[in-house]
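Below you'll find the structure, written out as structure tokens, and then a few comments.
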Number of protein chains: 2
Amino acid sequence: MITGKNHIGNQLSAKGTKTFKTFNPLLNIENDWEMTEAIAEEVNEAATLAAEAFKTYSKFSGYKKAKFLNAIADEIEALGDTLLDVYSSETGLPKGRAAGERGRTLGQLRTFANHVKAGNWVEASIDTAQPKRDPLPKVDLRKMNVAIGTVVVFGASNFPLAYSTAGGDTAAALAAGCPVIVKSHPMHAGTGYLVASAIIKAAINSDMPNGVFSNLNSNGIEVGQILVQNRNVKAVGFTGSIKGGRALYDLAAKRQEPIPVFAEMGSVNPVVIFPKALKSRAADIAKTYAKSITLGTGQFCTNPGLILGIKSEGLTNFVNALSKEIVQIEPSCMLHPNLVEAYEKNKAYIISQNGLKVLADYKTEVKINYARQAVTAVSGNIFLDNPTLHQEVFGPFSLVVRCENENQLQEIILNLEGQLTGTIISDDNEIQNYSEIVNALQNRVGRIIFNGVPTGVEVCPSMVHGGPYPASTDSRFTAVGVDSIKRFVRPVSYQDWPNDLLPDALKNENPLSILRNVNGQLTSEIIK
Amino acid sequence: MITGKNHIGNQLSAKGTKTFKTFNPLLNIENDWEMTEAIAEEVNEAATLAAEAFKTYSKFSGYKKAKFLNAIADEIEALGDTLLDVYSSETGLPKGRAAGERGRTLGQLRTFANHVKAGNWVEASIDTAQPKRDPLPKVDLRKMNVAIGTVVVFGASNFPLAYSTAGGDTAAALAAGCPVIVKSHPMHAGTGYLVASAIIKAAINSDMPNGVFSNLNSNGIEVGQILVQNRNVKAVGFTGSIKGGRALYDLAAKRQEPIPVFAEMGSVNPVVIFPKALKSRAADIAKTYAKSITLGTGQFCTNPGLILGIKSEGLTNFVNALSKEIVQIEPSCMLHPNLVEAYEKNKAYIISQNGLKVLADYKTEVKINYARQAVTAVSGNIFLDNPTLHQEVFGPFSLVVRCENENQLQEIILNLEGQLTGTIISDDNEIQNYSEIVNALQNRVGRIIFNGVPTGVEVCPSMVHGGPYPASTDSRFTAVGVDSIKRFVRPVSYQDWPNDLLPDALKNENPLSILRNVNGQLTSEIIK
């Protein structure tokens with residue numbers, strides 16, 4: 001079933017000799033299927049095919065691309081339980097989570113299908129000619145978004161479906177008209193293989209050009225490096241660690257022709273709890289956050305890794321309650337032994353820092369590959385002095401900072417790196433007393449939450465999943481929601497172009513019936 | 001009048017000891033006013049002030065920012081002939097051009113004022129809560145664009161007003177809510193000083209925070225380097241050479257927190273003339289292009305530096321006609337002796353390449369600092385083999401490539417670097433026979449022109465001034481037109497945020513009466 005070969009366009013290919021297996025962390029054994037790593041020759045074949053496919057695929061109508069995206073969703077669904085079983089075998093995550101994530105993935109694909117069918121994403125803008133304008137005549141100018149070229153997608157370890165092979169980046173790029181080459185995540189390469197097979201099946205059945213999609217296996221970093229440096233590759237989507245994302249960003253920036261890299265990376269997702277909230281409902285907040293910190297074994301990029309409060313009885317109560325709550329939660333399995341190892345190592349490193357206090361550490365013996373959740377605390381003074389404490393510990397871990405006062409709380413926020421999210425926990429109107437703190441937090445994040453938890457990323461147009469560096473490498477874009485298509489498009493302007501040769505989106509008669517900015521007015525009217 | 005000091009926010013400052021003077025190329029003498037270079041301390045003062053100003057300025061309403069932008073335009077206008085005279089003294093350009101460029105600059109500022117007053121640029125998007133959604137309730141999410149932070153602007157040598165101190169980048173950044181620090185172009189630092197004074201006057205009269213604008217003088221590269229590396233700087237706008245732009249891009253990419261650099265750089269703006277057009281109107285096209293090549297002494301980023309045709313009698317006729325036309329045009333003064341020197345050197349270097357033929361070179365003695373226009377030709381084979389011939393020669397210069405056939409023409413386009421513009425000259429419907437060539441050209445450019453010239457950049461929403469590298473460092477944005485604001489904004493999402501604490505753009509009652517995407521529908525209705 002899983003041959004473990006690479007998908008180079010519509011062909012299966014295994015020219016290399018290096019192989020690897022994925023791992024079942026629950027059973028602590030290797031999975032059966034053997035993946036063959038792509039070699040440089042195959043990487044370049046995929047890139048060349050993609051560049052050729054771009055010539056036609058980038059011109060396809062929204063309807064044709066929508067048909068393809070919907071077919072991908074249908075083919076993934078048709079994989080049925082096989083996909084869910086392989087997913088669980090490669091992650092240790094329960095089948096329910098696998099099914100939920102599959103639902104989200106299908107939803108993303110179908111949402112993008114509707115988005116490109118509706119067609120407004122091209123942001124058509126038309127300024128008609130004024131041949132008699134004084135002193136100079138005005139030319140006719142018409143602008144729309146077009147596909148940027150081949151996009152390379154690096155799947156995320158923690159979302160084998162929704163942020164990987166046919167995940168958000170792939171859906172956005174294909175919707176834009178960009179061929180996609182996926183560097184499959186080695187921890188769930190079998191899942192990736194099955195999804196890639198579904199995409200290729202959909203591509204063939206929808207008459208897509210060969211090369212519109214490729215999927216490459218690799219357990220190392222070399223395949224990714226070659227991909228990012230290939231001259232036919234025009235953009236990169238990545239979800240993962242700061243180290244990995246930054247390395248790709250640096251490589252892309254050093255190219256003769258630098259290309260945009262959208263890397264969604266690290267975040268500790270600061271949570272600020274205001275005094276009255278601490279006073280009135282410390283126990284409730286603690287309960288909610290114990291759950292959020294341990295959700296999915298803490299393997300979410302929006303995991304709340306940093307909790308900020310001002311020293312008070314309320315904060316002490318919260319800390320005590322959180323310490324109790326967190327150890328009552330059953331530990332769970334991480335995706336891969338490497339992640340457990342990294343988690344325990346990073347946790348120990350943070351704990352070893354001067355002045356850090358361990359509030360709660362799950363001490364009972366746990367099964368192999370399970371993570372022991374922990375909560376720690378430190379004073380605001382020490383936190384300000386030690387940037388090591390800003391580091392994300394990927395897993396069920398959080399650090400509470402006891403600030404001396406409001407000023408110190410603000411100073412800490414001002415000195416934080418960029419974040420995916422920031423959360424304010426506030427009672428009634430007390431937030432109004434802290435407008436500078438709220439402003440400071442807003443300036444560091446892509447999404448700001450009121451009285452909630454950062455975990456749980458709603459897929460909708462108003463979501464921003466991204467943020468100032470290192471939350472992402474380009475805060476001007478989101479990785480989630482239909483606007484994520486903007487990462488992979490560029491505007492082109494047509495000057496005095498004959499109407500019948502214009503793309504449909506820009507023709508006088510507006511055959512796509514889309515909304516267009518015509519001489520400054522948003523309208524779907526035809527131009528006479 | 002021109003003290004030559006730096007504007008550090010509202011203060012004039014000259015802490016350094018290095019000075020320089022600008023140059024009058026027509027008179028071949030230095031101008032009287034002496035500029036004092038900024039020192040590192042002043043650079044950092046400007047950046048610190050800007051970061052402080054950002055806290056309030058970024059939150060100002062569209063009306064307040066519009067008032068400021070309009071006041072800047074009014075104050076620049078109030079400089080009257082003084083500004084035009086200094087402009088001409090520093091560039092050798094005639095007063096008419098100065099007045100025209102001033103008009104464009106004022107127009108840009110006022111257009112952005114209207115744009116932020118209208119308010120739709122924030123691209124507000126609202127997805128309301130669904131508390132009863134099954135299986136999970138849906139949170140309320142509201143997204144809008146916000147200012148990215150302090151923007152550093154590097155003015156262009158060739159547009160002392162429209163692309164410099166208060167030019168397109170500055171107008172876009174201020175409109176977005178970003179404080180601006182200009183690194184004034186040393187060739188027209190006096191003009192920059194006057195414009196900076198006007199901006200500061202406008203800032204004070206409009207109650208803007210100190211630091212919303214600074215203007216720094218420097219004749220070298222160090223001030224720019226310090227600026228781009230300052231941690232309070234969050235984005236860069238640049239117009240100039242590939243070497244300069246790439247150096248800044250590289251510096252910004254190496255920062256601990258990399259920042260976006262939008263550099264609009266080199267372009268040879270290929271023009272493709274199809275056979276029938278060559279056959280039927282070679283002389284007319286030659287006349288038009290002789291003018292376009294020499295317009296403004298060739299000192300436009302959209303100057304047509306590369307003309308592509310297929311070998312034919314028509315092409316021979318065109319080449320002969322162009323050779324005759326171009327030497328009949330009176331040479332004119334370049335902006336600065338350094339530019340003339342670079343022009344003559346680059347021209348000579350291209351001419352020295354193997355197989356290159358000089359068609360026309362203005363041989364008569366010219367006045368000092370005047371540029372001798374030239375047209376050259378080369379075969380398609382040699383052009384394909386020698387990438388040196390792709391280089392821009394900034395000035396009144398063009399290279400005609402005689403392609404063997406259609407395939408070679410296409411191959412040449414496919415191998416070109418990214419361009420600001422591409423032009424097709426075609427008779428009637430012959431363009432329909434060359435769809436692959438047109439597609440290939442469209443993929444390399446930001447703007448594609450039919451039967452026109454690339455010089456002349458209309459400032460309107462449908463303009464794209466930018467393009468694949470090295471036309472710009474990020475093809476996803478334009479440097480001209482209201483959408484250029486997108487370079488300096490990022491989206492922020494508010495989750496479950498109390499209505500009265502939301503920015504006005506996202507409040508239920510839509511107090512700004514802007515268009516918003518509410519649950520997938522574009523509307524200006526209130527939310528009940």
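The way I read the labels, and the way they are meant: chains A, B, ... in the order of the structure tokens, residue 1 as the first residue of every chain, and ligand 1 as the first ligand shown, with later ones counted on from there.
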
Exercise for the section: Just the residues within 7 Å of A:Phe20, please, counting only C-alpha atoms, with nothing from its chain fewer than 3 positions along; format it as a VMD selection string. Expected result: chain A and resid 34 to 36 219

Exercise for the section: Kindly provide, as a PyMOL selection string, the residues of chain A having any atom no farther than 6 Å from an atom of chain B, counting only C-alpha atoms. Expected result: chain A and resi 125-126+141-143+257+446-450+462-464+469+475-476+490+492-497

Practice task
Please provide the set of residues having any atom within 10 Å of A:Ala47, restricted to only C-alpha atoms, with same-chain residues fewer than 5 positions apart removed, written as a list of chain:residue names.
Solution key: A:Ile8, A:Gly9, A:Glu41, A:Glu42, A:Glu52, A:Ala53, A:Thr150, A:Val151, A:Val152, A:Pro179, A:Val180, A:Ile181, A:Gly211, A:Val212, A:Phe213, A:Ser214, A:Leu227, A:Asn230, A:Arg231, A:Asn232, A:Val233

Grab the residues selected above and save them as a compact mmCIF listing (two decimals), in the first residue's frame with N, CA, C and O atoms.
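Result file is result_36.txt:
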```txt
# COMPACT_ATOMS: atom_id res chain seq x y z
N ILE A 8 7.06 12.16 -8.06
CA ILE A 8 7.62 13.22 -8.90
C ILE A 8 6.56 13.50 -9.95
O ILE A 8 6.48 12.80 -10.96
N GLY A 9 5.74 14.49 -9.73
CA GLY A 9 4.56 14.63 -10.56
C GLY A 9 3.78 13.33 -10.48
O GLY A 9 3.63 12.75 -9.39
N GLU A 41 18.73 14.53 -7.96
CA GLU A 41 18.19 14.41 -9.31
C GLU A 41 16.66 14.44 -9.29
O GLU A 41 16.02 15.10 -10.13
N GLU A 42 16.08 13.76 -8.32
CA GLU A 42 14.61 13.73 -8.24
C GLU A 42 14.06 15.10 -7.82
O GLU A 42 13.00 15.53 -8.29
N GLU A 52 7.18 23.67 -15.69
CA GLU A 52 6.45 23.43 -16.93
C GLU A 52 4.94 23.46 -16.66
O GLU A 52 4.18 24.07 -17.40
N ALA A 53 4.54 22.82 -15.56
CA ALA A 53 3.12 22.79 -15.21
C ALA A 53 2.59 24.20 -14.94
O ALA A 53 1.43 24.52 -15.24
N THR A 150 6.25 28.22 -8.55
CA THR A 150 6.25 26.99 -7.75
C THR A 150 6.49 27.28 -6.27
O THR A 150 7.39 28.02 -5.91
N VAL A 151 5.68 26.67 -5.42
CA VAL A 151 5.79 26.85 -3.97
C VAL A 151 6.27 25.53 -3.35
O VAL A 151 5.73 24.46 -3.66
N VAL A 152 7.26 25.62 -2.48
CA VAL A 152 7.71 24.46 -1.72
C VAL A 152 7.08 24.51 -0.33
O VAL A 152 7.11 25.55 0.33
N PRO A 179 2.05 25.51 -8.71
CA PRO A 179 2.39 24.12 -8.46
C PRO A 179 3.05 24.00 -7.08
O PRO A 179 3.65 24.96 -6.60
N VAL A 180 2.91 22.82 -6.47
CA VAL A 180 3.43 22.63 -5.11
C VAL A 180 4.37 21.43 -5.07
O VAL A 180 4.07 20.38 -5.65
N ILE A 181 5.50 21.61 -4.40
CA ILE A 181 6.37 20.48 -4.08
C ILE A 181 6.44 20.38 -2.57
O ILE A 181 6.88 21.32 -1.90
N GLY A 211 3.16 17.43 -12.82
CA GLY A 211 4.10 18.29 -12.13
C GLY A 211 3.42 19.34 -11.27
O GLY A 211 4.08 20.07 -10.54
N VAL A 212 2.09 19.40 -11.34
CA VAL A 212 1.39 20.39 -10.50
C VAL A 212 1.60 20.06 -9.02
O VAL A 212 1.52 20.93 -8.17
N PHE A 213 1.93 18.79 -8.75
CA PHE A 213 2.20 18.40 -7.36
C PHE A 213 3.27 17.32 -7.32
O PHE A 213 3.24 16.38 -8.11
N SER A 214 4.20 17.45 -6.38
CA SER A 214 5.18 16.40 -6.12
C SER A 214 5.35 16.27 -4.61
O SER A 214 5.09 17.22 -3.86
N LEU A 227 15.92 22.06 -2.53
CA LEU A 227 14.65 22.61 -3.02
C LEU A 227 14.62 24.13 -2.94
O LEU A 227 14.27 24.81 -3.90
N ASN A 230 16.62 25.85 -5.56
CA ASN A 230 16.35 25.60 -6.98
C ASN A 230 15.77 26.85 -7.63
O ASN A 230 14.83 27.45 -7.12
N ARG A 231 16.29 27.23 -8.79
CA ARG A 231 15.88 28.50 -9.40
C ARG A 231 14.44 28.50 -9.88
O ARG A 231 13.84 29.55 -10.08
N ASN A 232 13.85 27.31 -10.05
CA ASN A 232 12.44 27.25 -10.45
C ASN A 232 11.48 27.39 -9.28
O ASN A 232 10.27 27.48 -9.48
N VAL A 233 12.01 27.39 -8.06
CA VAL A 233 11.15 27.55 -6.88
C VAL A 233 11.03 29.03 -6.56
O VAL A 233 12.02 29.76 -6.55
```

Exercise for the section: Quick one: everything within 7 Å of stretch 261-277 of chain B, counting only C-alpha atoms, minus sequence neighbours fewer than 6 positions away in the same chain. Send it as a PyMOL selection string. Expected result: chain B and resi 235-242+245+249+301-310+314+392+419-427+466+470-474

Prev. selection, C-alpha atoms, output as a PDB file, in the first residue's frame:
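Full text of result-v8.pdb as output:
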```
ATOM      1  CA  ALA B 235      10.539  47.952   7.474  1.00  0.00           C
ATOM      2  CA  VAL B 236      12.524  49.615   4.707  1.00  0.00           C
ATOM      3  CA  GLY B 237      11.562  51.294   1.455  1.00  0.00           C
ATOM      4  CA  PHE B 238      14.303  51.860  -1.098  1.00  0.00           C
ATOM      5  CA  THR B 239      14.565  53.050  -4.691  1.00  0.00           C
ATOM      6  CA  GLY B 240      17.904  52.812  -6.461  1.00  0.00           C
ATOM      7  CA  SER B 241      20.564  50.473  -7.757  1.00  0.00           C
ATOM      8  CA  ILE B 242      20.630  46.691  -7.448  1.00  0.00           C
ATOM      9  CA  GLY B 245      19.169  47.709  -2.622  1.00  0.00           C
ATOM     10  CA  TYR B 249      18.168  43.619   1.829  1.00  0.00           C
ATOM     11  CA  CYS B 301      13.652  53.143 -13.863  1.00  0.00           C
ATOM     12  CA  THR B 302      11.256  52.255 -16.678  1.00  0.00           C
ATOM     13  CA  ASN B 303      13.657  53.324 -19.442  1.00  0.00           C
ATOM     14  CA  PRO B 304      13.483  50.866 -22.378  1.00  0.00           C
ATOM     15  CA  GLY B 305      16.993  49.409 -22.315  1.00  0.00           C
ATOM     16  CA  LEU B 306      16.310  46.256 -24.297  1.00  0.00           C
ATOM     17  CA  ILE B 307      14.460  45.895 -27.588  1.00  0.00           C
ATOM     18  CA  LEU B 308      13.746  42.436 -28.976  1.00  0.00           C
ATOM     19  CA  GLY B 309      12.777  41.623 -32.547  1.00  0.00           C
ATOM     20  CA  ILE B 310      13.036  38.760 -34.995  1.00  0.00           C
ATOM     21  CA  GLY B 314      11.382  45.307 -40.866  1.00  0.00           C
ATOM     22  CA  GLU B 392      21.010  47.992 -16.975  1.00  0.00           C
ATOM     23  CA  GLN B 419      11.536  43.443 -14.768  1.00  0.00           C
ATOM     24  CA  LEU B 420       9.380  46.391 -13.783  1.00  0.00           C
ATOM     25  CA  THR B 421       7.776  46.417 -17.218  1.00  0.00           C
ATOM     26  CA  GLY B 422       7.534  44.511 -20.464  1.00  0.00           C
ATOM     27  CA  THR B 423       6.115  45.974 -23.652  1.00  0.00           C
ATOM     28  CA  ILE B 424       4.561  44.351 -26.691  1.00  0.00           C
ATOM     29  CA  ILE B 425       4.446  46.263 -29.959  1.00  0.00           C
ATOM     30  CA  SER B 426       2.033  44.499 -32.259  1.00  0.00           C
ATOM     31  CA  ASP B 427      -0.079  45.144 -35.336  1.00  0.00           C
ATOM     32  CA  GLY B 466       7.523  46.464  -8.857  1.00  0.00           C
ATOM     33  CA  PRO B 470      15.740  42.335  -9.269  1.00  0.00           C
ATOM     34  CA  ALA B 471      12.999  44.738 -10.392  1.00  0.00           C
ATOM     35  CA  SER B 472      12.087  44.606  -6.728  1.00  0.00           C
ATOM     36  CA  THR B 473      12.998  42.511  -3.707  1.00  0.00           C
ATOM     37  CA  ASP B 474       9.365  41.459  -3.203  1.00  0.00           C
TER      38      ASP B 474
END
```

Practice task
Enumerate, as a ChimeraX atom specification, the complete set of residues in stretch 228-389 of chain B that a backbone-based DSSP assignment places in strand (DSSP E).
Solution key: /B:233-239,261-264,270-273,306-310,357-361,374-379

Residues from last step as file, N, CA and C atoms, as a JSON list (two decimals), in the first residue's frame:
```
[["chain", "number", "residue", "atom", "x", "y", "z"],
["B", 233, "VAL", "N", 13.58, 49.75, 14.05],
["B", 233, "VAL", "CA", 13.14, 49.90, 12.66],
["B", 233, "VAL", "C", 12.49, 48.58, 12.21],
["B", 234, "LYS", "N", 11.30, 48.68, 11.57],
["B", 234, "LYS", "CA", 10.53, 47.48, 11.27],
["B", 234, "LYS", "C", 10.31, 47.22, 9.78],
["B", 235, "ALA", "N", 10.67, 48.17, 8.92],
["B", 235, "ALA", "CA", 10.54, 47.95, 7.47],
["B", 235, "ALA", "C", 11.36, 49.02, 6.75],
["B", 236, "VAL", "N", 11.68, 48.72, 5.50],
["B", 236, "VAL", "CA", 12.52, 49.62, 4.71],
["B", 236, "VAL", "C", 11.93, 49.78, 3.31],
["B", 237, "GLY", "N", 11.90, 51.01, 2.85],
["B", 237, "GLY", "CA", 11.56, 51.29, 1.45],
["B", 237, "GLY", "C", 12.78, 51.90, 0.78],
["B", 238, "PHE", "N", 13.08, 51.42, -0.41],
["B", 238, "PHE", "CA", 14.30, 51.86, -1.10],
["B", 238, "PHE", "C", 14.02, 51.96, -2.59],
["B", 239, "THR", "N", 14.59, 52.97, -3.23],
["B", 239, "THR", "CA", 14.56, 53.05, -4.69],
["B", 239, "THR", "C", 15.98, 53.37, -5.15],
["B", 261, "VAL", "N", 12.20, 44.38, 3.45],
["B", 261, "VAL", "CA", 12.81, 45.47, 2.68],
["B", 261, "VAL", "C", 12.13, 45.47, 1.32],
["B", 262, "PHE", "N", 11.47, 46.57, 1.02],
["B", 262, "PHE", "CA", 10.96, 46.69, -0.34],
["B", 262, "PHE", "C", 11.90, 47.60, -1.11],
["B", 263, "ALA", "N", 12.75, 46.98, -1.95],
["B", 263, "ALA", "CA", 13.70, 47.75, -2.76],
["B", 263, "ALA", "C", 13.27, 47.68, -4.21],
["B", 264, "GLU", "N", 13.04, 48.84, -4.79],
["B", 264, "GLU", "CA", 12.73, 48.91, -6.21],
["B", 264, "GLU", "C", 14.05, 49.24, -6.90],
["B", 270, "PRO", "N", 12.24, 45.19, -21.10],
["B", 270, "PRO", "CA", 12.25, 44.67, -22.46],
["B", 270, "PRO", "C", 11.03, 45.10, -23.28],
["B", 271, "VAL", "N", 11.30, 45.40, -24.54],
["B", 271, "VAL", "CA", 10.25, 45.75, -25.49],
["B", 271, "VAL", "C", 10.31, 44.72, -26.62],
["B", 272, "VAL", "N", 9.21, 44.04, -26.87],
["B", 272, "VAL", "CA", 9.17, 43.05, -27.94],
["B", 272, "VAL", "C", 8.37, 43.63, -29.10],
["B", 273, "ILE", "N", 9.01, 43.70, -30.26],
["B", 273, "ILE", "CA", 8.28, 44.22, -31.43],
["B", 273, "ILE", "C", 8.01, 43.07, -32.38],
["B", 306, "LEU", "N", 16.16, 47.50, -23.55],
["B", 306, "LEU", "CA", 16.31, 46.26, -24.30],
["B", 306, "LEU", "C", 15.15, 46.12, -25.28],
["B", 307, "ILE", "N", 15.49, 46.02, -26.56],
["B", 307, "ILE", "CA", 14.46, 45.89, -27.59],
["B", 307, "ILE", "C", 14.67, 44.59, -28.34],
["B", 308, "LEU", "N", 13.62, 43.77, -28.40],
["B", 308, "LEU", "CA", 13.75, 42.44, -28.98],
["B", 308, "LEU", "C", 12.90, 42.32, -30.24],
["B", 309, "GLY", "N", 13.53, 41.86, -31.32],
["B", 309, "GLY", "CA", 12.78, 41.62, -32.55],
["B", 309, "GLY", "C", 13.34, 40.40, -33.26],
["B", 310, "ILE", "N", 12.56, 39.89, -34.20],
["B", 310, "ILE", "CA", 13.04, 38.76, -35.00],
["B", 310, "ILE", "C", 13.63, 39.30, -36.29],
["B", 357, "LYS", "N", 27.42, 45.48, -31.58],
["B", 357, "LYS", "CA", 27.60, 46.48, -32.61],
["B", 357, "LYS", "C", 27.00, 47.81, -32.15],
["B", 358, "VAL", "N", 27.76, 48.88, -32.32],
["B", 358, "VAL", "CA", 27.23, 50.19, -31.98],
["B", 358, "VAL", "C", 26.47, 50.73, -33.18],
["B", 359, "LEU", "N", 25.19, 50.94, -33.02],
["B", 359, "LEU", "CA", 24.36, 51.44, -34.12],
["B", 359, "LEU", "C", 24.46, 52.95, -34.21],
["B", 360, "ALA", "N", 24.41, 53.59, -33.06],
["B", 360, "ALA", "CA", 24.45, 55.05, -33.05],
["B", 360, "ALA", "C", 25.02, 55.49, -31.72],
["B", 361, "ASP", "N", 25.93, 56.42, -31.77],
["B", 361, "ASP", "CA", 26.54, 56.95, -30.55],
["B", 361, "ASP", "C", 26.70, 58.45, -30.82],
["B", 374, "ALA", "N", 23.09, 56.47, -26.87],
["B", 374, "ALA", "CA", 23.63, 55.44, -27.76],
["B", 374, "ALA", "C", 22.65, 54.29, -27.92],
["B", 375, "VAL", "N", 22.69, 53.71, -29.12],
["B", 375, "VAL", "CA", 21.91, 52.50, -29.37],
["B", 375, "VAL", "C", 22.85, 51.45, -29.94],
["B", 376, "THR", "N", 22.70, 50.23, -29.45],
["B", 376, "THR", "CA", 23.60, 49.15, -29.87],
["B", 376, "THR", "C", 22.76, 47.95, -30.30],
["B", 377, "ALA", "N", 23.43, 46.98, -30.91],
["B", 377, "ALA", "CA", 22.70, 45.78, -31.34],
["B", 377, "ALA", "C", 23.56, 44.54, -31.17],
["B", 378, "VAL", "N", 22.88, 43.42, -31.06],
["B", 378, "VAL", "CA", 23.59, 42.16, -30.86],
["B", 378, "VAL", "C", 22.69, 41.03, -31.37],
["B", 379, "SER", "N", 23.30, 39.91, -31.72],
["B", 379, "SER", "CA", 22.49, 38.78, -32.17],
["B", 379, "SER", "C", 21.90, 38.05, -30.98]]
```

Exercise for the section: Kindly give the distance, in Å, that separates atom CA of B:Ala71 and atom CA of B:Ser164, rounded to a single decimal. Expected result: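 Distance between the two atoms: 17.5 Å.
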
Problem - Close residues, B:Thr3 itself excluded, 12 Å, only C-alpha atoms, min 3 positions apart in chain, as a PyMOL selection string - result: chain B and resi 6-7+12-14+19+21+32-36+189-194+196-197+217

Practice task
Would you list, as a ChimeraX atom specification, the residues of stretch 434-464 of chain A that end up in alpha helix (DSSP H) under DSSP run on this structure's backbone?
Solution key: /A:435-442

Spatial neighbours of stretch 281-293 of chain B, 7 Å, only C-alpha atoms, chain gap at least 2 places, as an mmCIF file with C-alpha atoms, in the first residue's frame:
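As written to disk, part.cif reads:
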```cif
data_model
loop_
_atom_site.group_PDB
_atom_site.id
_atom_site.type_symbol
_atom_site.label_atom_id
_atom_site.label_comp_id
_atom_site.auth_asym_id
_atom_site.auth_seq_id
_atom_site.Cartn_x
_atom_site.Cartn_y
_atom_site.Cartn_z
ATOM 1 C CA ALA B 277 4.413 45.926 -36.629
ATOM 2 C CA LEU B 278 8.046 46.144 -37.734
ATOM 3 C CA LYS B 279 7.001 45.747 -41.324
ATOM 4 C CA LEU B 295 13.414 61.023 -21.935
ATOM 5 C CA GLY B 298 17.312 58.123 -19.684
ATOM 6 C CA ASN B 303 13.657 53.324 -19.442
ATOM 7 C CA PRO B 304 13.483 50.866 -22.378
ATOM 8 C CA GLY B 314 11.382 45.307 -40.866
ATOM 9 C CA ASN B 317 14.502 49.273 -41.090
ATOM 10 C CA PHE B 318 13.637 49.865 -37.452
ATOM 11 C CA ALA B 321 15.489 54.528 -38.245
ATOM 12 C CA LEU B 322 16.203 54.348 -34.504
ATOM 13 C CA GLU B 325 16.376 59.394 -34.735
ATOM 14 C CA ILE B 326 18.370 58.988 -31.570
ATOM 15 C CA PRO B 396 19.952 57.140 -22.493
ATOM 16 C CA PHE B 397 21.021 53.750 -23.787
ATOM 17 C CA SER B 398 19.320 50.803 -25.437
ATOM 18 C CA VAL B 453 6.250 52.960 -24.026
ATOM 19 C CA THR B 455 8.296 55.392 -19.438
#
```
